[in-house]
$ cat query25.cif   # mmCIF, C-alpha atoms and all ligand atoms
data_entry
#
loop_
_atom_site.label_atom_id
_atom_site.label_comp_id
_atom_site.auth_asym_id
_atom_site.auth_seq_id
_atom_site.Cartn_x
_atom_site.Cartn_y
_atom_site.Cartn_z
CA MET A 1 0.00 0.00 0.00
CA VAL A 2 1.18 3.47 -0.87
CA HIS A 3 0.47 6.26 1.57
CA VAL A 4 0.86 10.00 1.26
CA SER A 5 2.01 11.92 4.31
CA ALA A 6 3.02 15.47 5.11
CA ILE A 7 6.48 16.42 6.34
CA SER A 8 6.47 19.92 7.81
CA ALA A 9 9.29 22.27 6.80
CA PHE A 10 10.15 25.92 7.51
CA GLN A 11 7.15 27.87 8.91
CA ASP A 12 4.31 26.48 6.85
CA ASN A 13 5.65 24.33 4.00
CA TYR A 14 4.62 20.74 3.44
CA ILE A 15 6.96 18.30 1.76
CA TRP A 16 4.71 15.49 0.52
CA LEU A 17 5.99 11.95 0.99
CA LEU A 18 4.59 9.04 -1.04
CA ALA A 19 5.79 5.69 0.18
CA ASN A 20 5.17 1.98 0.40
CA ASN A 21 7.02 0.03 3.06
CA LYS A 22 10.36 0.25 1.23
CA GLN A 23 10.56 3.12 -1.22
CA ALA A 24 9.76 6.79 -1.08
CA VAL A 25 9.08 9.72 -3.37
CA VAL A 26 9.12 13.30 -2.07
CA VAL A 27 7.67 16.42 -3.62
CA ASP A 28 9.35 19.83 -3.23
CA PRO A 29 11.88 19.10 -0.48
CA GLY A 30 12.87 22.63 0.54
CA GLN A 31 14.73 21.18 3.50
CA ALA A 32 16.60 17.88 3.72
CA GLU A 33 16.74 17.33 7.51
CA PRO A 34 13.07 16.59 8.19
CA VAL A 35 12.95 14.28 5.14
CA ILE A 36 16.08 12.38 6.14
CA LYS A 37 14.75 12.02 9.68
CA MET A 38 11.42 10.61 8.49
CA LEU A 39 12.96 8.24 5.92
CA LYS A 40 15.49 6.87 8.43
CA GLU A 41 12.77 6.35 11.02
CA ARG A 42 10.65 4.43 8.53
CA GLU A 43 13.67 2.72 6.89
CA LEU A 44 12.73 3.98 3.44
CA GLU A 45 14.89 4.37 0.36
CA LEU A 46 14.42 7.63 -1.54
CA THR A 47 13.92 6.78 -5.22
CA THR A 48 12.44 9.95 -6.71
CA ILE A 49 12.20 13.69 -6.07
CA LEU A 50 9.54 15.76 -7.84
CA ILE A 51 9.98 19.55 -8.09
CA THR A 52 7.16 21.92 -9.06
CA HIS A 53 9.18 25.15 -9.40
CA HIS A 54 12.55 26.67 -8.70
CA HIS A 55 11.93 28.54 -5.42
CA TYR A 56 14.39 27.70 -2.67
CA ASP A 57 11.73 26.60 -0.19
CA HIS A 58 10.87 23.82 -2.69
CA THR A 59 14.37 22.83 -3.83
CA GLY A 60 16.79 23.67 -0.99
CA GLY A 61 17.02 20.09 0.28
CA VAL A 62 17.69 18.36 -3.04
CA LYS A 63 21.50 18.29 -2.92
CA ALA A 64 21.70 16.99 0.64
CA LEU A 65 19.12 14.29 -0.16
CA LEU A 66 21.12 13.23 -3.23
CA SER A 67 24.26 12.90 -1.13
CA GLN A 68 22.35 10.37 1.04
CA TRP A 69 20.54 8.67 -1.86
CA PRO A 70 22.70 9.32 -4.96
CA ASN A 71 20.55 7.10 -7.21
CA ALA A 72 17.36 9.06 -6.63
CA LYS A 73 15.92 10.56 -9.80
CA VAL A 74 15.01 14.24 -9.75
CA TYR A 75 12.32 15.61 -12.07
CA ALA A 76 11.97 19.40 -12.35
CA PRO A 77 10.59 21.99 -14.79
CA SER A 78 12.75 21.99 -17.91
CA THR A 79 12.45 25.77 -18.37
CA GLU A 80 13.67 26.71 -14.88
CA PRO A 81 17.13 26.39 -13.26
CA LEU A 82 17.51 22.69 -12.36
CA PRO A 83 18.07 21.95 -8.66
CA ALA A 84 20.89 19.45 -9.31
CA ALA A 85 23.23 18.53 -12.17
CA THR A 86 21.55 15.14 -12.52
CA ALA A 87 18.00 16.50 -12.54
CA ILE A 88 15.81 15.65 -15.51
CA GLY A 89 13.82 18.51 -17.01
CA VAL A 90 10.17 17.75 -17.75
CA THR A 91 7.48 19.75 -19.44
CA ASP A 92 3.78 19.79 -20.26
CA GLY A 93 2.62 16.54 -21.82
CA ASP A 94 5.43 14.43 -20.37
CA SER A 95 4.48 11.47 -18.26
CA LEU A 96 6.50 9.93 -15.46
CA THR A 97 6.17 6.32 -14.50
CA LEU A 98 7.10 5.49 -10.93
CA PRO A 99 6.97 1.68 -10.98
CA GLU A 100 8.19 1.51 -7.38
CA LEU A 101 4.86 2.95 -6.26
CA GLY A 102 2.67 1.86 -9.18
CA LEU A 103 2.01 5.48 -10.10
CA GLU A 104 2.00 7.39 -13.34
CA PHE A 105 2.06 11.18 -13.33
CA ALA A 106 1.18 13.54 -16.13
CA VAL A 107 3.14 16.79 -16.11
CA LEU A 108 0.90 19.86 -16.40
CA SER A 109 2.29 23.28 -17.19
CA VAL A 110 0.72 25.82 -14.78
CA PRO A 111 2.57 29.14 -15.19
CA GLY A 112 1.76 32.17 -13.05
CA HIS A 113 3.52 31.90 -9.68
CA THR A 114 6.69 31.22 -11.70
CA LEU A 115 6.86 30.96 -15.48
CA GLY A 116 7.97 27.33 -15.62
CA HIS A 117 5.79 26.05 -12.77
CA ILE A 118 4.50 22.51 -13.29
CA ALA A 119 2.07 20.23 -11.46
CA PHE A 120 2.09 16.45 -11.20
CA TYR A 121 -1.23 14.70 -11.76
CA ALA A 122 -1.93 10.98 -11.36
CA SER A 123 -5.34 10.21 -12.84
CA ASN A 124 -5.35 6.63 -11.55
CA GLY A 125 -4.41 7.67 -8.04
CA LEU A 126 -3.15 5.06 -5.66
CA ALA A 127 -4.52 1.94 -7.29
CA SER A 128 -6.42 -0.23 -4.91
CA THR A 129 -8.16 -3.49 -5.66
CA ASP A 130 -11.46 -2.83 -3.96
CA HIS A 131 -12.40 0.73 -4.84
CA MET A 132 -11.86 3.48 -7.37
CA ALA A 133 -8.82 5.43 -6.27
CA GLU A 134 -9.04 9.20 -6.23
CA PRO A 135 -6.69 11.05 -8.61
CA LEU A 136 -3.75 12.90 -7.02
CA LEU A 137 -2.52 16.41 -7.76
CA PHE A 138 0.72 17.95 -6.48
CA CYS A 139 0.39 21.59 -7.44
CA GLY A 140 3.18 23.39 -5.54
CA ASP A 141 2.40 27.09 -5.16
CA THR A 142 -0.25 27.33 -7.90
CA LEU A 143 -3.44 26.35 -6.08
CA PHE A 144 -3.83 26.57 -2.30
CA SER A 145 -6.87 25.66 -0.31
CA GLY A 146 -8.91 28.86 -0.44
CA GLY A 147 -6.23 30.69 -2.40
CA CYS A 148 -3.62 30.71 -5.12
CA GLY A 149 0.06 31.57 -5.42
CA ARG A 150 1.32 35.10 -5.78
CA LEU A 151 2.23 36.23 -9.27
CA PHE A 152 6.01 36.51 -9.00
CA GLU A 153 6.76 35.90 -12.66
CA GLY A 154 3.59 35.29 -14.66
CA THR A 155 0.63 37.41 -15.67
CA PRO A 156 -2.90 37.23 -14.25
CA GLU A 157 -3.96 35.74 -17.61
CA GLN A 158 -1.47 32.90 -17.26
CA MET A 159 -2.41 32.18 -13.65
CA TYR A 160 -6.14 32.29 -14.37
CA GLN A 161 -5.67 29.86 -17.23
CA SER A 162 -3.59 27.56 -15.01
CA LEU A 163 -6.24 27.60 -12.28
CA THR A 164 -8.98 26.99 -14.83
CA ARG A 165 -7.03 24.01 -16.09
CA LEU A 166 -6.70 22.57 -12.59
CA SER A 167 -10.37 23.18 -11.79
CA ALA A 168 -11.31 21.08 -14.83
CA LEU A 169 -9.78 17.98 -13.19
CA PRO A 170 -12.23 15.51 -11.61
CA ASP A 171 -13.95 16.78 -8.45
CA ASN A 172 -12.58 13.92 -6.35
CA THR A 173 -8.94 14.77 -7.20
CA ALA A 174 -6.97 15.05 -3.95
CA VAL A 175 -5.11 18.38 -3.99
CA TYR A 176 -1.74 18.44 -2.22
CA CYS A 177 -0.65 22.08 -1.91
CA ALA A 178 2.81 23.06 -0.69
CA HIS A 179 1.78 25.44 2.10
CA GLU A 180 -0.56 25.52 5.08
CA TYR A 181 -2.22 28.83 4.22
CA THR A 182 -5.80 27.59 4.41
CA GLN A 183 -7.05 29.47 7.45
CA SER A 184 -5.87 32.93 6.39
CA ASN A 185 -7.00 32.28 2.81
CA LEU A 186 -10.48 31.43 4.02
CA ALA A 187 -10.77 34.74 5.86
CA PHE A 188 -10.39 36.45 2.48
CA CYS A 189 -12.85 34.07 0.78
CA HIS A 190 -15.36 34.75 3.55
CA LYS A 191 -15.02 38.50 3.09
CA MET A 192 -15.71 38.05 -0.61
CA GLU A 193 -18.61 35.60 -0.21
CA PRO A 194 -20.11 36.06 3.27
CA ASN A 195 -23.18 34.01 2.32
CA ASN A 196 -21.39 30.96 0.93
CA ALA A 197 -22.84 28.20 3.14
CA GLN A 198 -20.27 25.54 2.24
CA LEU A 199 -17.49 28.01 2.99
CA LYS A 200 -18.91 28.64 6.46
CA ILE A 201 -18.91 24.93 7.24
CA TYR A 202 -15.37 24.52 5.93
CA LEU A 203 -14.15 27.52 7.97
CA GLN A 204 -15.28 25.80 11.16
CA LYS A 205 -13.73 22.51 10.17
CA VAL A 206 -10.40 24.19 9.35
CA ALA A 207 -10.40 26.14 12.62
CA LYS A 208 -10.80 22.88 14.52
CA LEU A 209 -8.04 21.11 12.57
CA ARG A 210 -5.60 23.99 13.11
CA GLN A 211 -6.40 24.11 16.83
CA GLN A 212 -5.29 20.48 16.94
CA GLY A 213 -2.22 21.22 14.80
CA VAL A 214 -3.47 18.92 12.02
CA PRO A 215 -2.86 19.74 8.31
CA THR A 216 -5.94 20.96 6.43
CA LEU A 217 -4.65 19.22 3.29
CA PRO A 218 -5.19 17.49 0.99
CA SER A 219 -8.17 19.42 -0.28
CA SER A 220 -10.13 18.35 -3.36
CA ILE A 221 -10.97 20.04 -6.65
CA GLY A 222 -14.69 19.78 -5.87
CA LEU A 223 -14.25 21.51 -2.52
CA GLU A 224 -12.04 24.24 -3.96
CA LYS A 225 -14.57 24.99 -6.70
CA ALA A 226 -17.17 25.50 -3.95
CA ILE A 227 -15.15 27.64 -1.53
CA ASN A 228 -12.05 29.12 -3.23
CA VAL A 229 -12.94 32.56 -4.57
CA PHE A 230 -10.01 32.44 -7.03
CA LEU A 231 -11.79 29.57 -8.81
CA ARG A 232 -15.08 31.50 -8.72
CA ALA A 233 -14.22 34.70 -10.62
CA HIS A 234 -16.69 33.64 -13.32
CA LEU A 235 -19.67 33.90 -10.95
CA ALA A 236 -21.80 37.03 -11.18
CA GLY A 237 -21.91 37.51 -7.39
CA VAL A 238 -18.12 37.44 -7.09
CA ALA A 239 -17.64 39.73 -10.09
CA ALA A 240 -20.12 42.27 -8.66
CA ARG A 241 -18.38 42.25 -5.26
CA VAL A 242 -14.94 42.80 -6.80
CA GLN A 243 -16.27 45.45 -9.18
CA SER A 244 -17.76 47.49 -6.34
CA GLN A 245 -14.45 47.26 -4.48
CA VAL A 246 -12.29 48.48 -7.38
CA GLY A 247 -14.88 51.03 -8.55
CA SER A 248 -14.40 50.42 -12.24
CA GLU A 249 -15.92 48.03 -14.73
CA LEU A 250 -14.31 44.63 -15.15
CA ASN A 251 -14.91 43.18 -18.58
CA ASP A 252 -14.16 39.49 -18.18
CA ASP A 253 -13.35 36.70 -15.72
CA THR A 254 -9.61 37.28 -16.08
CA GLN A 255 -9.96 40.93 -15.06
CA VAL A 256 -12.04 39.89 -12.06
CA PHE A 257 -9.35 37.36 -11.15
CA ALA A 258 -6.58 39.97 -11.57
CA ALA A 259 -8.41 42.43 -9.30
CA LEU A 260 -8.99 39.68 -6.71
CA ARG A 261 -5.30 38.75 -6.73
CA ARG A 262 -4.23 42.41 -6.30
CA TRP A 263 -6.73 42.87 -3.46
CA LYS A 264 -5.50 39.73 -1.70
CA ASP A 265 -1.88 40.92 -1.97
CA SER A 266 -2.69 43.72 0.47
CA PHE A 267 -5.38 41.95 2.50
ZN ZN B 301 7.05 29.44 -4.71
#

$ encode --input "query25.cif" --output "structure tokens"
Amino acid sequence: MVHVSAISAFQDNYIWLLANNKQAVVVDPGQAEPVIKMLKERELELTTILITHHHYDHTGGVKALLSQWPNAKVYAPSTEPLPAATAIGVTDGDSLTLPELGLEFAVLSVPGHTLGHIAFYASNGLASTDHMAEPLLFCGDTLFSGGCGRLFEGTPEQMYQSLTRLSALPDNTAVYCAHEYTQSNLAFCHKMEPNNAQLKIYLQKVAKLRQQGVPTLPSSIGLEKAINVFLRAHLAGVAARVQSQVGSELNDDTQVFAALRRWKDSF
């Protein structure tokens, strides 16, 4: 059986660990120490490292992990600086087979937070004999629960298109974001949509989880479409709210999204 678990790093990063009882894959290891500690405790061999984008809090641990497990393969965006000399650049449309875990990932290009940002999507999920497995998405700093990444390199158009692409994935896709930002993101969503009933329920659930120090992730695409205002810029109610805030007419969904993102930057 393959399990996914969260390794906490820095203030609020999650390094996602996928492992059976022998082998392990990690996503965006910004720090090596917590990964090494976990793998030694569980006596796991690191076989693969997946990188969504070039920021240091996602790549900083790669070299130290390779010095412990020199045979581990590293996959990273081909259009961004590679995190190690042996890293393999991948791009939209590529697929990665991880036979050690019985997983196959499609690489999705999702520019916006950075220009070369990619996501890893496994449509078959963690295959199980007795039920349909939910698809898995590792989306780095593109989609957060209740939010989205800041636009460090890309345009609002690019980010909106990337988010639209992710929101078209099946509703039951498990969404593994790279940061625990959920609670503060939801405060913004609530301000934008004070009457969203599903959001109110989720706010309470998240508050309880955070009180207990439990991760709020993974989320799901279906949940995010219901509560994440950045995936709801196409709705008339959201557009009207944003328009009254900025005081000028917004002509399409992308402009609504862009205004939302600017507003959130100073929220
Ligand atoms: Zn980042």

$ closest_residue --input "query25.cif" --among "A:Gln68, A:Thr52, A:Thr182, A:Thr155" --to "Val214 of chain A" --atoms "only C-alpha atoms"
A:Thr182

$ atom_distance --input "query25.cif" --atom1 "atom CA of Phe152 of chain A" --atom2 "atom CA of Gly222 of chain A"
26.8 Å

$ closest_residue --input "query25.cif" --among "A:Glu33, A:Leu136, A:Cys148, A:Arg165" --to "Leu108 of chain A" --atoms "all atoms listed in the file"
A:Arg165

$ atom_distance --input "query25.cif" --atom1 "atom CA of Ala207 of chain A" --atom2 "atom CA of Leu223 of chain A"
16.3 Å

$ closest_atom_pairs --input "query25.cif" --of "chain A" --to "ligand ZN 301 (chain B)" --cutoff "12 Å" --atoms "all atoms listed in the file" --output "CSV"
residue,atom,partner,partner_atom,distance
A:Asn13,CA,B:ZN301,ZN,10.2
A:Asp28,CA,B:ZN301,ZN,10.0
A:Gly30,CA,B:ZN301,ZN,10.4
A:Ile51,CA,B:ZN301,ZN,10.9
A:Thr52,CA,B:ZN301,ZN,8.7
A:His53,CA,B:ZN301,ZN,6.7
A:His54,CA,B:ZN301,ZN,7.3
A:His55,CA,B:ZN301,ZN,5.0
A:Tyr56,CA,B:ZN301,ZN,7.8
A:Asp57,CA,B:ZN301,ZN,7.1
A:His58,CA,B:ZN301,ZN,7.1
A:Thr59,CA,B:ZN301,ZN,9.9
A:Gly60,CA,B:ZN301,ZN,11.9
A:Pro111,CA,B:ZN301,ZN,11.4
A:Gly112,CA,B:ZN301,ZN,10.2
A:His113,CA,B:ZN301,ZN,6.6
A:Thr114,CA,B:ZN301,ZN,7.2
A:Leu115,CA,B:ZN301,ZN,10.9
A:Gly116,CA,B:ZN301,ZN,11.2
A:His117,CA,B:ZN301,ZN,8.8
A:Ile118,CA,B:ZN301,ZN,11.3
A:Cys139,CA,B:ZN301,ZN,10.7
A:Gly140,CA,B:ZN301,ZN,7.2
A:Asp141,CA,B:ZN301,ZN,5.2
A:Thr142,CA,B:ZN301,ZN,8.2
A:Leu143,CA,B:ZN301,ZN,11.0
A:Phe144,CA,B:ZN301,ZN,11.5
A:Cys148,CA,B:ZN301,ZN,10.8
A:Gly149,CA,B:ZN301,ZN,7.3
A:Arg150,CA,B:ZN301,ZN,8.1
A:Leu151,CA,B:ZN301,ZN,9.5
A:Phe152,CA,B:ZN301,ZN,8.3
A:Glu153,CA,B:ZN301,ZN,10.2
A:Cys177,CA,B:ZN301,ZN,11.0
A:Ala178,CA,B:ZN301,ZN,8.7
A:His179,CA,B:ZN301,ZN,9.5

$ residues_around --input "query25.cif" --residues "Leu103 of chain A" --least-positions-apart "3" --cutoff "9 Å" --atoms "all atoms listed in the file" --output "count of residues only"
10

$ closest_residue --input "query25.cif" --among "A:Leu166, A:Leu101, A:Ala9, A:Ile49" --to "Ala119 of chain A" --atoms "all atoms listed in the file"
A:Leu166

$ decode --input "query25.cif" --residues "segment 134-246 of chain A" --atoms "C-alpha atoms" --output "PDB file, in the first residue's frame"
ATOM      1  CA  GLU A 134      -9.035   9.199  -6.226  1.00  0.00           C
ATOM      2  CA  PRO A 135      -6.691  11.053  -8.605  1.00  0.00           C
ATOM      3  CA  LEU A 136      -3.754  12.897  -7.021  1.00  0.00           C
ATOM      4  CA  LEU A 137      -2.517  16.407  -7.759  1.00  0.00           C
ATOM      5  CA  PHE A 138       0.716  17.950  -6.475  1.00  0.00           C
ATOM      6  CA  CYS A 139       0.387  21.586  -7.438  1.00  0.00           C
ATOM      7  CA  GLY A 140       3.175  23.389  -5.541  1.00  0.00           C
ATOM      8  CA  ASP A 141       2.396  27.090  -5.156  1.00  0.00           C
ATOM      9  CA  THR A 142      -0.247  27.333  -7.897  1.00  0.00           C
ATOM     10  CA  LEU A 143      -3.440  26.354  -6.081  1.00  0.00           C
ATOM     11  CA  PHE A 144      -3.831  26.571  -2.304  1.00  0.00           C
ATOM     12  CA  SER A 145      -6.875  25.660  -0.308  1.00  0.00           C
ATOM     13  CA  GLY A 146      -8.908  28.864  -0.437  1.00  0.00           C
ATOM     14  CA  GLY A 147      -6.227  30.692  -2.397  1.00  0.00           C
ATOM     15  CA  CYS A 148      -3.623  30.706  -5.118  1.00  0.00           C
ATOM     16  CA  GLY A 149       0.056  31.572  -5.419  1.00  0.00           C
ATOM     17  CA  ARG A 150       1.325  35.099  -5.778  1.00  0.00           C
ATOM     18  CA  LEU A 151       2.227  36.230  -9.273  1.00  0.00           C
ATOM     19  CA  PHE A 152       6.012  36.508  -8.996  1.00  0.00           C
ATOM     20  CA  GLU A 153       6.759  35.895 -12.657  1.00  0.00           C
ATOM     21  CA  GLY A 154       3.590  35.286 -14.658  1.00  0.00           C
ATOM     22  CA  THR A 155       0.634  37.407 -15.667  1.00  0.00           C
ATOM     23  CA  PRO A 156      -2.900  37.228 -14.248  1.00  0.00           C
ATOM     24  CA  GLU A 157      -3.960  35.738 -17.607  1.00  0.00           C
ATOM     25  CA  GLN A 158      -1.468  32.897 -17.259  1.00  0.00           C
ATOM     26  CA  MET A 159      -2.412  32.178 -13.646  1.00  0.00           C
ATOM     27  CA  TYR A 160      -6.138  32.286 -14.366  1.00  0.00           C
ATOM     28  CA  GLN A 161      -5.673  29.860 -17.226  1.00  0.00           C
ATOM     29  CA  SER A 162      -3.592  27.563 -15.011  1.00  0.00           C
ATOM     30  CA  LEU A 163      -6.239  27.599 -12.276  1.00  0.00           C
ATOM     31  CA  THR A 164      -8.981  26.989 -14.833  1.00  0.00           C
ATOM     32  CA  ARG A 165      -7.027  24.005 -16.093  1.00  0.00           C
ATOM     33  CA  LEU A 166      -6.698  22.566 -12.588  1.00  0.00           C
ATOM     34  CA  SER A 167     -10.370  23.181 -11.790  1.00  0.00           C
ATOM     35  CA  ALA A 168     -11.311  21.076 -14.834  1.00  0.00           C
ATOM     36  CA  LEU A 169      -9.781  17.981 -13.185  1.00  0.00           C
ATOM     37  CA  PRO A 170     -12.230  15.508 -11.607  1.00  0.00           C
ATOM     38  CA  ASP A 171     -13.945  16.782  -8.451  1.00  0.00           C
ATOM     39  CA  ASN A 172     -12.576  13.920  -6.352  1.00  0.00           C
ATOM     40  CA  THR A 173      -8.939  14.771  -7.197  1.00  0.00           C
ATOM     41  CA  ALA A 174      -6.969  15.055  -3.952  1.00  0.00           C
ATOM     42  CA  VAL A 175      -5.109  18.381  -3.988  1.00  0.00           C
ATOM     43  CA  TYR A 176      -1.743  18.445  -2.223  1.00  0.00           C
ATOM     44  CA  CYS A 177      -0.651  22.078  -1.910  1.00  0.00           C
ATOM     45  CA  ALA A 178       2.808  23.057  -0.692  1.00  0.00           C
ATOM     46  CA  HIS A 179       1.780  25.445   2.099  1.00  0.00           C
ATOM     47  CA  GLU A 180      -0.564  25.520   5.075  1.00  0.00           C
ATOM     48  CA  TYR A 181      -2.224  28.834   4.219  1.00  0.00           C
ATOM     49  CA  THR A 182      -5.801  27.590   4.407  1.00  0.00           C
ATOM     50  CA  GLN A 183      -7.054  29.467   7.453  1.00  0.00           C
ATOM     51  CA  SER A 184      -5.866  32.933   6.391  1.00  0.00           C
ATOM     52  CA  ASN A 185      -7.004  32.280   2.807  1.00  0.00           C
ATOM     53  CA  LEU A 186     -10.484  31.427   4.022  1.00  0.00           C
ATOM     54  CA  ALA A 187     -10.770  34.744   5.859  1.00  0.00           C
ATOM     55  CA  PHE A 188     -10.387  36.449   2.476  1.00  0.00           C
ATOM     56  CA  CYS A 189     -12.852  34.071   0.785  1.00  0.00           C
ATOM     57  CA  HIS A 190     -15.363  34.749   3.552  1.00  0.00           C
ATOM     58  CA  LYS A 191     -15.021  38.495   3.088  1.00  0.00           C
ATOM     59  CA  MET A 192     -15.712  38.049  -0.608  1.00  0.00           C
ATOM     60  CA  GLU A 193     -18.605  35.602  -0.209  1.00  0.00           C
ATOM     61  CA  PRO A 194     -20.110  36.059   3.268  1.00  0.00           C
ATOM     62  CA  ASN A 195     -23.185  34.011   2.316  1.00  0.00           C
ATOM     63  CA  ASN A 196     -21.386  30.957   0.932  1.00  0.00           C
ATOM     64  CA  ALA A 197     -22.839  28.200   3.135  1.00  0.00           C
ATOM     65  CA  GLN A 198     -20.274  25.540   2.237  1.00  0.00           C
ATOM     66  CA  LEU A 199     -17.487  28.007   2.994  1.00  0.00           C
ATOM     67  CA  LYS A 200     -18.910  28.643   6.465  1.00  0.00           C
ATOM     68  CA  ILE A 201     -18.909  24.928   7.244  1.00  0.00           C
ATOM     69  CA  TYR A 202     -15.366  24.519   5.928  1.00  0.00           C
ATOM     70  CA  LEU A 203     -14.148  27.518   7.975  1.00  0.00           C
ATOM     71  CA  GLN A 204     -15.285  25.803  11.164  1.00  0.00           C
ATOM     72  CA  LYS A 205     -13.725  22.505  10.166  1.00  0.00           C
ATOM     73  CA  VAL A 206     -10.403  24.187   9.351  1.00  0.00           C
ATOM     74  CA  ALA A 207     -10.395  26.143  12.618  1.00  0.00           C
ATOM     75  CA  LYS A 208     -10.801  22.881  14.523  1.00  0.00           C
ATOM     76  CA  LEU A 209      -8.042  21.110  12.574  1.00  0.00           C
ATOM     77  CA  ARG A 210      -5.597  23.985  13.110  1.00  0.00           C
ATOM     78  CA  GLN A 211      -6.400  24.106  16.827  1.00  0.00           C
ATOM     79  CA  GLN A 212      -5.290  20.479  16.937  1.00  0.00           C
ATOM     80  CA  GLY A 213      -2.218  21.216  14.797  1.00  0.00           C
ATOM     81  CA  VAL A 214      -3.473  18.923  12.018  1.00  0.00           C
ATOM     82  CA  PRO A 215      -2.862  19.739   8.310  1.00  0.00           C
ATOM     83  CA  THR A 216      -5.941  20.958   6.434  1.00  0.00           C
ATOM     84  CA  LEU A 217      -4.653  19.219   3.294  1.00  0.00           C
ATOM     85  CA  PRO A 218      -5.194  17.494   0.987  1.00  0.00           C
ATOM     86  CA  SER A 219      -8.172  19.416  -0.278  1.00  0.00           C
ATOM     87  CA  SER A 220     -10.130  18.354  -3.358  1.00  0.00           C
ATOM     88  CA  ILE A 221     -10.966  20.037  -6.652  1.00  0.00           C
ATOM     89  CA  GLY A 222     -14.689  19.778  -5.873  1.00  0.00           C
ATOM     90  CA  LEU A 223     -14.251  21.510  -2.517  1.00  0.00           C
ATOM     91  CA  GLU A 224     -12.035  24.238  -3.963  1.00  0.00           C
ATOM     92  CA  LYS A 225     -14.569  24.988  -6.698  1.00  0.00           C
ATOM     93  CA  ALA A 226     -17.170  25.499  -3.953  1.00  0.00           C
ATOM     94  CA  ILE A 227     -15.146  27.644  -1.527  1.00  0.00           C
ATOM     95  CA  ASN A 228     -12.055  29.122  -3.229  1.00  0.00           C
ATOM     96  CA  VAL A 229     -12.935  32.565  -4.569  1.00  0.00           C
ATOM     97  CA  PHE A 230     -10.009  32.443  -7.028  1.00  0.00           C
ATOM     98  CA  LEU A 231     -11.795  29.569  -8.809  1.00  0.00           C
ATOM     99  CA  ARG A 232     -15.078  31.496  -8.718  1.00  0.00           C
ATOM    100  CA  ALA A 233     -14.223  34.699 -10.615  1.00  0.00           C
ATOM    101  CA  HIS A 234     -16.695  33.644 -13.323  1.00  0.00           C
ATOM    102  CA  LEU A 235     -19.671  33.898 -10.946  1.00  0.00           C
ATOM    103  CA  ALA A 236     -21.801  37.028 -11.179  1.00  0.00           C
ATOM    104  CA  GLY A 237     -21.907  37.513  -7.394  1.00  0.00           C
ATOM    105  CA  VAL A 238     -18.118  37.443  -7.087  1.00  0.00           C
ATOM    106  CA  ALA A 239     -17.642  39.735 -10.087  1.00  0.00           C
ATOM    107  CA  ALA A 240     -20.120  42.266  -8.659  1.00  0.00           C
ATOM    108  CA  ARG A 241     -18.384  42.248  -5.259  1.00  0.00           C
ATOM    109  CA  VAL A 242     -14.945  42.803  -6.800  1.00  0.00           C
ATOM    110  CA  GLN A 243     -16.267  45.453  -9.175  1.00  0.00           C
ATOM    111  CA  SER A 244     -17.764  47.485  -6.337  1.00  0.00           C
ATOM    112  CA  GLN A 245     -14.452  47.260  -4.485  1.00  0.00           C
ATOM    113  CA  VAL A 246     -12.288  48.484  -7.376  1.00  0.00           C
TER     114      VAL A 246
END
